[in-house]
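Everything below belongs to coords.cif, which stores mmCIF, C-alpha atoms.
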```
data_upload
#
loop_
_atom_site.label_atom_id
_atom_site.label_comp_id
_atom_site.auth_asym_id
_atom_site.auth_seq_id
_atom_site.Cartn_x
_atom_site.Cartn_y
_atom_site.Cartn_z
CA MET A 58 119.00 86.59 104.05
CA ALA A 59 118.14 83.68 101.79
CA GLU A 60 117.20 80.38 103.41
CA ASN A 61 119.04 77.10 102.90
CA GLY A 62 121.55 78.73 100.57
CA ALA A 63 118.90 79.86 98.06
CA SER A 64 119.48 83.18 96.34
CA PRO A 65 117.13 86.02 97.29
CA VAL A 66 114.54 86.95 94.66
CA ALA A 67 113.41 90.47 93.76
CA LEU A 68 109.73 91.03 93.04
CA GLU A 69 108.17 94.32 91.90
CA LEU A 70 104.47 95.04 92.38
CA VAL A 71 102.30 97.99 91.44
CA PRO A 72 99.95 98.92 94.30
CA ALA A 73 96.25 99.04 93.51
CA LEU A 74 96.22 102.62 94.82
CA PRO A 75 99.17 105.03 94.90
CA ILE A 76 100.50 105.24 98.45
CA PRO A 77 100.63 108.87 99.67
CA ASP A 78 103.95 109.96 101.13
CA HIS A 79 102.61 110.32 104.66
CA LEU A 80 101.58 106.64 104.64
CA ILE A 81 104.66 105.13 103.00
CA GLY A 82 106.36 104.31 106.31
CA GLU A 83 103.20 102.83 107.82
CA VAL A 84 102.41 100.67 104.79
CA ARG A 85 106.02 99.50 104.50
CA SER A 86 106.04 98.44 108.15
CA LYS A 87 102.85 96.42 107.68
CA LEU A 88 104.22 94.63 104.60
CA ALA A 89 106.48 92.78 107.05
CA TYR A 90 103.42 90.78 108.13
CA VAL A 91 102.06 89.95 104.66
CA ASP A 92 103.89 86.68 104.02
CA GLU A 93 106.74 84.66 105.51
CA ALA A 94 108.41 84.65 102.09
CA ILE A 95 109.23 88.38 102.38
CA ALA A 96 112.73 89.26 103.57
CA ARG A 97 112.59 92.98 102.80
CA ALA A 98 110.01 95.49 101.58
CA GLU A 99 110.49 98.95 100.07
CA ILE A 100 108.13 101.50 98.54
CA THR A 101 109.65 103.73 95.87
CA GLY A 102 108.80 106.51 93.45
CA ASP A 103 105.64 108.42 94.30
CA GLY A 104 104.30 105.47 96.24
CA ASP A 105 103.53 103.67 93.00
CA HIS A 106 106.02 100.80 93.20
CA ILE A 107 106.56 98.13 95.84
CA HIS A 108 109.84 96.24 95.78
CA LEU A 109 109.94 92.98 97.70
CA THR A 110 112.96 90.80 98.37
CA LEU A 111 111.95 87.19 98.92
CA HIS A 112 113.93 84.58 100.82
CA GLN A 113 113.74 82.18 97.86
CA PRO A 114 111.89 81.68 94.57
CA ILE A 115 108.14 81.04 94.65
CA ASP A 116 105.85 79.63 91.97
CA ASP A 117 103.22 81.60 90.06
CA ALA A 118 100.36 80.49 92.30
CA ARG A 119 102.19 81.58 95.45
CA GLN A 120 103.16 84.86 93.81
CA ALA A 121 99.50 85.52 92.99
CA GLN A 122 98.57 84.87 96.61
CA LEU A 123 101.32 87.21 97.80
CA ASP A 124 100.21 89.94 95.40
CA GLU A 125 96.61 89.63 96.63
CA LYS A 126 97.69 90.04 100.23
CA VAL A 127 99.86 93.06 99.43
CA GLN A 128 96.97 94.73 97.61
CA ARG A 129 94.69 93.99 100.55
CA VAL A 130 97.07 95.85 102.86
CA VAL A 131 97.40 98.80 100.50
CA THR A 132 93.67 99.14 99.89
CA SER A 133 92.77 98.82 103.56
CA MET A 134 95.26 101.48 104.67
CA VAL A 135 95.11 103.92 101.73
CA LYS A 136 91.49 103.97 100.51
CA GLY A 137 89.70 106.90 102.11
CA ALA A 138 92.73 107.94 104.15
CA PHE A 139 93.47 111.62 104.67
CA ARG A 140 96.66 113.43 105.54
CA PRO A 141 96.62 114.10 109.30
CA LYS A 142 97.56 117.53 110.55
CA VAL A 143 100.81 117.04 112.44
CA GLN A 144 101.07 119.30 115.45
CA VAL A 145 104.62 120.16 116.46
CA LEU A 146 104.95 121.19 120.12
CA GLU A 147 108.74 121.46 120.17
CA ASP A 148 111.37 121.49 117.45
CA HIS A 149 115.02 121.21 118.50
CA LEU A 150 116.30 119.20 115.56
CA ASP A 151 118.87 121.92 114.84
CA ARG A 152 120.82 121.26 118.05
CA PRO A 153 124.42 120.25 117.36
CA ALA A 154 124.76 116.55 116.57
CA PRO A 155 128.43 116.18 115.58
CA TYR A 156 128.51 112.41 115.08
CA THR A 157 127.41 111.23 111.63
CA GLN A 158 128.05 107.47 111.68
CA ASP A 159 125.70 104.65 112.63
CA PRO A 160 126.80 103.88 116.20
CA MET A 161 125.67 100.28 115.78
CA VAL A 162 128.76 99.48 113.70
CA GLU A 163 131.14 100.64 116.42
CA LEU A 164 129.05 99.12 119.20
CA LEU A 165 129.27 95.72 117.52
CA GLN A 166 133.00 96.08 116.83
CA ARG A 167 133.70 96.94 120.45
CA GLY A 168 131.53 94.12 121.77
CA GLU A 169 129.28 96.66 123.48
CA VAL A 170 126.27 94.92 121.95
CA SER A 171 125.78 91.37 120.75
CA GLN A 172 122.73 90.15 118.90
CA GLU A 173 121.18 86.96 120.24
CA ILE A 174 118.34 86.77 117.72
CA PRO A 175 116.74 89.53 115.62
CA GLY A 176 115.43 92.20 117.98
CA VAL A 177 117.15 90.79 121.07
CA PHE A 178 120.53 92.18 122.16
CA ALA A 179 122.85 91.85 125.12
CA LEU A 180 124.17 95.29 126.08
CA GLY A 181 127.59 96.15 127.51
CA PRO A 182 128.72 98.68 130.13
CA ARG A 183 128.61 101.84 128.01
CA LEU A 184 124.99 101.37 127.00
CA ALA A 185 124.04 100.08 130.44
CA ARG A 186 125.47 103.20 132.10
CA LEU A 187 123.79 105.50 129.59
CA MET A 188 120.46 103.79 130.12
CA ALA A 189 120.88 104.12 133.90
CA PHE A 190 121.68 107.82 133.48
CA PHE A 191 118.54 108.45 131.43
CA GLU A 192 116.39 106.38 133.75
CA ASP A 193 117.62 108.45 136.71
CA ARG A 194 116.32 111.55 134.90
CA PHE A 195 112.95 109.92 134.35
CA VAL A 196 112.76 108.81 137.97
CA GLU A 197 113.42 112.43 138.96
CA LEU A 198 110.45 113.38 136.78
CA ALA A 199 108.32 110.77 138.56
CA ASP A 200 109.48 112.09 141.93
CA SER A 201 108.35 115.59 140.95
CA PHE A 202 104.80 114.19 140.80
CA GLN A 203 105.32 112.23 144.04
CA ALA A 204 104.59 109.13 141.98
CA PRO A 205 105.28 106.01 144.06
CA PRO A 206 107.17 103.13 142.40
CA TYR A 207 105.46 99.92 141.36
CA ARG A 208 106.90 96.62 140.11
CA PHE A 209 105.00 94.57 137.56
CA PRO A 210 105.53 91.08 136.10
CA THR A 211 106.85 90.38 132.63
CA LEU A 212 103.89 88.09 131.91
CA ILE A 213 100.39 89.42 131.42
CA PRO A 214 97.26 87.21 131.41
CA ALA A 215 95.63 86.65 128.02
CA HIS A 216 92.21 87.55 129.40
CA TYR A 217 93.56 90.93 130.50
CA LEU A 218 94.56 91.82 126.95
CA GLU A 219 91.28 90.53 125.56
CA ARG A 220 89.40 92.84 127.89
CA VAL A 221 91.09 95.93 126.39
CA ASN A 222 90.73 94.76 122.76
CA TYR A 223 94.48 94.25 122.28
CA PHE A 224 94.03 91.12 120.16
CA HIS A 225 92.00 93.12 117.65
CA ALA A 226 94.09 96.30 117.62
CA PHE A 227 97.67 94.92 117.76
CA PRO A 228 97.62 91.18 116.91
CA HIS A 229 100.80 91.41 114.81
CA SER A 230 103.00 92.47 117.75
CA LEU A 231 101.97 89.80 120.27
CA THR A 232 104.48 87.45 121.90
CA PHE A 233 103.05 84.33 123.53
CA ALA A 234 104.27 82.44 126.57
CA THR A 235 103.50 78.77 127.09
CA HIS A 236 104.93 75.62 128.68
CA LEU A 237 104.91 71.90 128.15
CA ARG A 238 101.68 70.09 128.95
CA GLU A 239 101.57 68.37 132.31
CA ASP A 240 101.87 64.91 130.79
CA LEU A 241 104.81 62.59 131.45
CA ASP A 242 104.76 61.12 127.95
CA VAL A 243 104.76 64.59 126.36
CA ILE A 244 107.60 65.79 128.59
CA ASP A 245 109.69 62.64 128.00
CA HIS A 246 109.17 62.88 124.24
CA PHE A 247 110.16 66.57 124.21
CA ALA A 248 113.26 65.95 126.33
CA GLY A 249 114.39 63.20 123.99
CA GLN A 250 113.54 64.81 120.64
CA ALA A 251 113.67 68.63 120.95
CA ALA A 252 116.24 70.36 118.78
CA CYS A 253 116.78 73.63 116.97
CA ASP A 254 117.22 74.40 113.29
CA GLU A 255 117.92 77.75 111.59
CA HIS A 256 114.33 78.83 112.28
CA GLY A 257 114.27 77.98 115.99
CA LEU A 258 112.90 75.20 118.16
CA VAL A 259 111.59 72.09 116.44
CA ALA A 260 108.96 70.31 118.52
CA PRO A 261 105.40 69.04 117.96
CA PRO A 262 102.91 71.90 118.56
CA ALA A 263 100.80 69.48 120.59
CA SER A 264 103.57 69.46 123.21
CA PHE A 265 102.59 72.90 124.42
CA ALA A 266 99.81 73.90 126.76
CA GLN A 267 97.11 76.39 125.85
CA VAL A 268 98.33 79.97 126.12
CA GLN A 269 97.33 81.58 129.40
CA ALA A 270 99.80 84.47 129.40
CA LEU A 271 101.72 86.66 126.99
CA LEU A 272 104.85 88.76 127.36
CA SER A 273 103.65 92.20 128.36
CA PRO A 274 103.51 94.83 125.59
CA ALA A 275 103.31 97.85 127.94
CA VAL A 276 104.03 98.76 131.55
CA CYS A 277 100.94 100.87 132.29
CA TYR A 278 98.49 98.06 131.51
CA HIS A 279 99.42 96.28 134.72
CA LEU A 280 98.50 99.31 136.83
CA TYR A 281 95.16 99.71 135.11
CA PHE A 282 94.27 96.07 135.70
CA SER A 283 95.24 96.36 139.37
CA LEU A 284 92.63 99.14 139.65
CA ALA A 285 89.88 97.34 137.72
CA ASP A 286 86.30 96.87 138.92
CA ARG A 287 86.41 99.25 141.87
CA PRO A 288 86.40 102.94 142.71
CA LEU A 289 89.76 104.66 142.23
CA PRO A 290 91.30 105.18 145.70
CA GLY A 291 91.53 108.91 146.42
CA GLY A 292 89.98 109.79 143.08
CA GLN A 293 93.34 110.25 141.33
CA LEU A 294 96.68 108.50 141.16
CA ALA A 295 100.21 109.05 139.83
CA ALA A 296 102.58 106.08 139.71
CA THR A 297 105.81 105.00 138.04
CA ALA A 298 107.33 101.70 137.00
CA VAL A 299 109.97 100.26 134.71
CA GLY A 300 109.70 96.96 132.92
CA ASN A 301 110.53 94.78 129.96
CA CYS A 302 108.11 95.19 127.07
CA PHE A 303 107.69 92.94 124.04
CA ARG A 304 106.40 93.91 120.61
CA TYR A 305 107.27 91.68 117.70
CA GLU A 306 108.05 93.58 114.48
CA ALA A 307 109.13 90.81 112.09
CA ILE A 308 111.62 91.98 109.44
CA ASN A 309 111.32 95.54 110.79
CA LEU A 310 113.52 94.54 113.74
CA ALA A 311 116.73 96.45 113.09
CA SER A 312 119.68 97.35 115.37
CA LEU A 313 118.63 99.11 118.58
CA GLU A 314 116.05 101.18 116.71
CA ARG A 315 113.43 98.44 116.81
CA LEU A 316 113.66 95.76 119.46
CA TRP A 317 111.46 92.78 120.21
CA ASN A 318 112.44 93.01 123.89
CA PHE A 319 112.98 96.53 125.23
CA THR A 320 112.86 98.48 128.50
CA MET A 321 110.28 101.15 129.23
CA ARG A 322 110.10 103.61 132.13
CA GLU A 323 106.62 105.09 132.54
CA ILE A 324 104.95 107.71 134.69
CA ILE A 325 101.25 106.91 134.76
CA PHE A 326 98.27 109.12 135.64
CA VAL A 327 94.76 107.93 136.49
CA GLY A 328 91.91 110.25 137.48
CA PRO A 329 89.68 113.00 136.05
CA LYS A 330 90.35 114.30 132.53
CA ASP A 331 91.89 117.60 133.68
CA PHE A 332 94.20 115.82 136.13
CA VAL A 333 95.59 113.55 133.41
CA LEU A 334 95.96 116.22 130.73
CA GLU A 335 97.51 118.80 133.04
CA ASN A 336 100.06 116.31 134.35
CA ARG A 337 100.89 115.15 130.83
CA GLU A 338 101.63 118.75 129.85
CA THR A 339 103.55 119.45 133.06
CA ALA A 340 105.71 116.39 132.39
CA ARG A 341 106.51 117.66 128.91
CA GLN A 342 107.51 121.08 130.23
CA ARG A 343 109.69 119.58 132.97
CA MET A 344 111.56 117.42 130.47
CA GLN A 345 112.40 120.30 128.12
CA PRO A 346 115.38 121.61 130.16
CA VAL A 347 116.57 118.04 130.77
CA PHE A 348 116.74 117.26 127.06
CA LYS A 349 118.46 120.61 126.48
CA GLU A 350 121.08 119.85 129.12
CA ILE A 351 121.89 116.46 127.64
CA GLY A 352 122.13 117.97 124.16
CA LEU A 353 119.39 115.89 122.57
CA ALA A 354 118.30 117.02 119.11
CA TYR A 355 114.62 116.13 118.78
CA ARG A 356 111.16 117.19 117.71
CA MET A 357 107.92 116.69 119.66
CA GLU A 358 104.98 115.99 117.36
CA SER A 359 101.57 114.36 117.26
CA ALA A 360 101.58 110.69 116.26
CA ASN A 361 99.58 107.48 116.31
CA ASP A 362 100.07 103.98 117.67
CA PRO A 363 100.99 101.13 115.25
CA PHE A 364 97.48 99.68 114.92
CA PHE A 365 97.07 96.64 112.71
CA ILE A 366 95.83 96.96 109.15
CA GLY A 367 92.10 96.66 109.76
CA GLU A 368 92.15 99.18 112.60
CA PHE A 369 94.83 101.55 111.37
CA ARG A 370 92.91 104.11 109.31
CA LYS A 371 90.08 104.59 111.79
CA GLN A 372 92.16 104.59 114.97
CA ALA A 373 94.99 106.71 113.58
CA ALA A 374 92.50 109.35 112.46
CA PHE A 375 90.87 109.30 115.90
CA GLN A 376 94.19 109.73 117.71
CA SER A 377 95.16 112.55 115.38
CA ALA A 378 91.86 114.40 115.73
CA PHE A 379 91.97 114.37 119.52
CA GLN A 380 95.76 114.80 119.90
CA LEU A 381 96.02 111.70 122.07
CA LYS A 382 99.68 110.93 121.42
CA PHE A 383 102.80 113.04 121.07
CA GLU A 384 106.18 111.49 120.32
CA ILE A 385 109.69 112.60 121.18
CA ARG A 386 111.45 111.98 117.87
CA ALA A 387 115.24 112.15 118.22
CA ARG A 388 117.42 112.92 115.22
CA LEU A 389 119.53 110.15 113.67
CA PRO A 390 122.14 112.07 111.67
CA PHE A 391 123.57 108.99 109.91
CA SER A 392 120.25 108.24 108.18
CA ASP A 393 118.78 111.76 108.06
CA SER A 394 115.75 110.47 109.93
CA THR A 395 114.21 110.51 113.38
CA LEU A 396 113.43 107.84 115.96
CA ALA A 397 110.67 107.87 118.58
CA VAL A 398 112.39 107.61 121.98
CA GLY A 399 109.43 108.48 124.17
CA SER A 400 105.81 109.55 124.11
CA TYR A 401 103.16 111.49 126.00
CA ASN A 402 99.87 109.62 125.83
CA TYR A 403 96.24 110.28 126.74
CA HIS A 404 93.79 107.37 126.54
CA GLN A 405 90.66 109.37 127.42
CA ASP A 406 88.35 107.11 129.45
CA PHE A 407 89.04 103.95 127.38
CA PHE A 408 90.64 101.99 130.23
CA GLY A 409 88.24 103.45 132.78
CA ARG A 410 85.27 102.19 130.75
CA SER A 411 86.82 98.90 129.66
CA LEU A 412 88.04 97.98 133.15
CA ASN A 413 85.35 99.65 135.25
CA ILE A 414 87.71 102.03 137.08
CA SER A 415 85.39 104.64 138.53
CA LEU A 416 85.83 108.12 139.98
CA PRO A 417 84.03 109.28 143.15
CA ASP A 418 81.12 110.63 141.06
CA GLY A 419 80.72 107.23 139.40
CA SER A 420 82.10 108.27 136.01
CA PRO A 421 84.90 106.26 134.39
CA ALA A 422 88.47 107.35 135.13
CA HIS A 423 90.70 108.86 132.45
CA THR A 424 94.27 107.63 132.01
CA GLY A 425 97.52 108.74 130.45
CA CYS A 426 101.20 107.94 130.61
CA VAL A 427 104.61 109.34 129.81
CA ALA A 428 106.79 106.56 128.44
CA PHE A 429 110.50 106.48 127.61
CA GLY A 430 112.31 103.68 125.77
CA LEU A 431 115.67 103.34 127.52
CA GLU A 432 117.53 101.47 124.77
CA ARG A 433 116.21 103.82 122.11
CA ILE A 434 117.15 107.06 123.84
CA ALA A 435 120.64 105.72 124.61
CA TYR A 436 121.03 104.69 120.96
CA ALA A 437 119.79 108.06 119.69
CA PHE A 438 122.19 109.87 122.02
CA LEU A 439 125.11 107.84 120.67
CA ALA A 440 123.92 108.47 117.11
CA GLN A 441 124.20 112.22 117.82
CA HIS A 442 127.33 112.34 120.02
CA GLY A 443 129.29 109.15 119.31
CA LEU A 444 130.85 106.63 121.68
CA ASP A 445 133.70 108.78 122.96
CA PRO A 446 132.62 110.35 126.28
CA ALA A 447 135.02 113.25 125.64
CA ASN A 448 132.54 114.44 123.01
CA TRP A 449 129.47 114.17 125.25
CA PRO A 450 127.78 117.08 127.02
CA GLN A 451 129.45 117.56 130.41
CA TRP A 452 126.48 116.44 132.53
CA VAL A 453 126.18 113.14 130.70
CA ARG A 454 129.95 112.59 130.63
CA GLU A 455 130.35 113.08 134.37
CA ALA A 456 127.28 111.08 135.39
CA ALA A 457 127.35 108.19 132.92
CA ASN A 458 131.10 107.65 132.65
CA GLY A 459 132.05 107.85 136.30
#
```
Could you express the structure from this file as structure tokens?
Amino acid sequence: MAENGASPVALELVPALPIPDHLIGEVRSKLAYVDEAIARAEITGDGDHIHLTLHQPIDDARQAQLDEKVQRVVTSMVKGAFRPKVQVLEDHLDRPAPYTQDPMVELLQRGEVSQEIPGVFALGPRLARLMAFFEDRFVELADSFQAPPYRFPTLIPAHYLERVNYFHAFPHSLTFATHLREDLDVIDHFAGQAACDEHGLVAPPASFAQVQALLSPAVCYHLYFSLADRPLPGGQLAATAVGNCFRYEAINLASLERLWNFTMREIIFVGPKDFVLENRETARQRMQPVFKEIGLAYRMESANDPFFIGEFRKQAAFQSAFQLKFEIRARLPFSDSTLAVGSYNYHQDFFGRSLNISLPDGSPAHTGCVAFGLERIAYAFLAQHGLDPANWPQWVREAANG
């Protein structure tokens, strides 16, 4: 949307290197962080044209700066990249998915969702019940591993994230928490002058204290930090927790597909390599009949995390080579696409080494987690089966609509 009534401006750029089809989605998502002037980014043709929509006109000097930053992204992500071999563990995309409309339209019309700001939604009873139904299934999975429940805070200390290199790997997705400085003059001035414009809060940056905490980007991190700098009790551990997670995605924030604030249920494994990998595979096998019973059309395939530009090529190749991440990608019939609604992750001994979590033999612990996005899986289910419970699979209808 244009700012201050200005008309949006279209800008076409030719990338320095053609963008291969397997990288188009990744590059497009990173263009959201190139410049605040960008309202929308698309890559067309054979990856040889970039179409940008700008909030308002910019002068030639600013356009040159924008072009330079776009080319930096393209070159960093494309030069030397290779097509990863995608491993498909399950393919159930051909399951019946009778609904063909975007459920977001009907959800908004019914008042079942209301957007507060981009990426932040209030959810009504239908979605809340569906999310509770799916979470019950994931808790049953946790119970099958005798994984005790944990509760973790929404805030996570900045020095925790620094210790696991998060600032370097995912700086673009961070959300910071702060507060007013403990100074009477600062507080009085803020109370008398603070206001909001179309961009948000207007207040002097000097009003705010140095950042000590951020909004947590993942549930499992809290468990790993609670185990840091000591031997792992019992030599292995399974645990489960649910929590709010925060990953900022700029102009990529769209409907319930991509949220700034979302809910994640995780089952977490810490211990020897075989313990983690065997439990990750067991979890996948135990969820297969559950997804079949609820009628979810999906594919399970290897994937990578959304590393930032400088880290993407190296880290994505590493994850692909060692099959560290598999995503549950649910079908979205209305857009002929898929959406990641959960993942099965193996971190090797990264957290064990970084946080000094040791096994009885003194070696670093391995970690992994099974993670499900509750809003996403509810949205994907509605995208496949619609909002009328009469059209839902019986199990879901009886449990979620009672």
Expand the PyMOL selection byres ((chain A and resi 185) around 12) into the individual residues it matches in the shown file, reporting them as an NGL selection string.
:A and (169-170 or 178-184 or 186-192 or 320 or 431-432 or 434-436 or 457-458)
Residues near Glu306 of chain A, cut-off 8 Å, only C-alpha atoms, skip fewer than 6 positions along chain, as a VMD selection string
chain A and resid 89 229 to 230 315 to 317
Any chance you could resolve the PyMOL selection byres ((chain A and resi 381-387) around 6) against this file and give the residues as a PyMOL selection string?
chain A and resi 354-360+376+379-380+388+395-403
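Nearest residue to Glu314 of chain A, choosing from A:Gly352, A:Pro77, A:Pro160, A:Gly443 and counting all atoms listed in the file: A:Pro160.
Here atom CA of Pro290 of chain A and atom CA of Leu198 of chain A stand 22.7 Å from one another.
Distance-wise, atom CA of Leu212 of chain A and atom CA of Ala270 of chain A end up 6.0 Å apart.
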Here's the selection I'm unsure about, the PyMOL selection byres ((chain A and resi 65) around 6); applied to the file above, which residues does it give, as a PDB file with C-alpha atoms, keeping the file's coordinate frame?
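That gives us expr-v9.pdb:
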```pdb
ATOM      1  CA  ALA A  59     118.140  83.680 101.790  1.00  0.00           C
ATOM      2  CA  SER A  64     119.480  83.180  96.340  1.00  0.00           C
ATOM      3  CA  VAL A  66     114.540  86.950  94.660  1.00  0.00           C
ATOM      4  CA  LEU A 111     111.950  87.190  98.920  1.00  0.00           C
ATOM      5  CA  HIS A 112     113.930  84.580 100.820  1.00  0.00           C
ATOM      6  CA  GLN A 113     113.740  82.180  97.860  1.00  0.00           C
TER       7      GLN A 113
END
```
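Neighbouring residues of segment 221-225 of chain A at 8 Å or closer, counting all atoms listed in the file and skipping chain neighbours under 2 positions away, are Tyr217, Leu218, Glu219, Phe227, Pro228, Phe365, Glu368, Phe408, Ser411 and Leu412 of chain A.
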For the residues selected in the previous step, produce a file with C-alpha atoms as a tab-separated table (two decimals), in the coordinates of the input.
```tsv
chain	number	residue	atom	x	y	z
A	217	TYR	CA	93.56	90.93	130.50
A	218	LEU	CA	94.56	91.82	126.95
A	219	GLU	CA	91.28	90.53	125.56
A	227	PHE	CA	97.67	94.92	117.76
A	228	PRO	CA	97.62	91.18	116.91
A	365	PHE	CA	97.07	96.64	112.71
A	368	GLU	CA	92.15	99.18	112.60
A	408	PHE	CA	90.64	101.99	130.23
A	411	SER	CA	86.82	98.90	129.66
A	412	LEU	CA	88.04	97.98	133.15
```
Residues near His79 of chain A, anyone? I mean within 10 Å using all atoms listed in the file, not counting same-chain ones fewer than 2 positions away, as a tab-separated table (two decimals) with C-alpha atoms, in the frame of the given file.
```
chain	number	residue	atom	x	y	z
A	76	ILE	CA	100.50	105.24	98.45
A	77	PRO	CA	100.63	108.87	99.67
A	81	ILE	CA	104.66	105.13	103.00
A	82	GLY	CA	106.36	104.31	106.31
A	83	GLU	CA	103.20	102.83	107.82
A	84	VAL	CA	102.41	100.67	104.79
A	104	GLY	CA	104.30	105.47	96.24
A	139	PHE	CA	93.47	111.62	104.67
A	140	ARG	CA	96.66	113.43	105.54
A	141	PRO	CA	96.62	114.10	109.30
```
Residue with the minimum atom-to-atom distance to His216 of chain A, picked from A:Val259, A:Ile107, A:Val177, A:Leu271 with only C-alpha atoms counted, is A:Leu271
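Here the question is which of A:Pro206, A:Asp393, A:Ser283, A:Leu231 gets nearest to Arg304 of chain A using only C-alpha atoms, and that residue is A:Leu231.
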Do you know which residues are at most 12 Å from Gly419 of chain A counting only C-alpha atoms, after dropping those on the same chain fewer than 3 positions away, and could you put them as an mmCIF file with C-alpha atoms, keeping the file's coordinate frame?
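Everything below was put into result-v1.cif:
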```cif
data_model
loop_
_atom_site.group_PDB
_atom_site.id
_atom_site.type_symbol
_atom_site.label_atom_id
_atom_site.label_comp_id
_atom_site.auth_asym_id
_atom_site.auth_seq_id
_atom_site.Cartn_x
_atom_site.Cartn_y
_atom_site.Cartn_z
ATOM 1 C CA ASP A 286 86.300 96.870 138.920
ATOM 2 C CA ARG A 287 86.410 99.250 141.870
ATOM 3 C CA PRO A 288 86.400 102.940 142.710
ATOM 4 C CA LEU A 289 89.760 104.660 142.230
ATOM 5 C CA GLY A 292 89.980 109.790 143.080
ATOM 6 C CA GLY A 328 91.910 110.250 137.480
ATOM 7 C CA PRO A 329 89.680 113.000 136.050
ATOM 8 C CA GLY A 409 88.240 103.450 132.780
ATOM 9 C CA ARG A 410 85.270 102.190 130.750
ATOM 10 C CA ASN A 413 85.350 99.650 135.250
ATOM 11 C CA ILE A 414 87.710 102.030 137.080
ATOM 12 C CA SER A 415 85.390 104.640 138.530
ATOM 13 C CA LEU A 416 85.830 108.120 139.980
ATOM 14 C CA ALA A 422 88.470 107.350 135.130
#
```
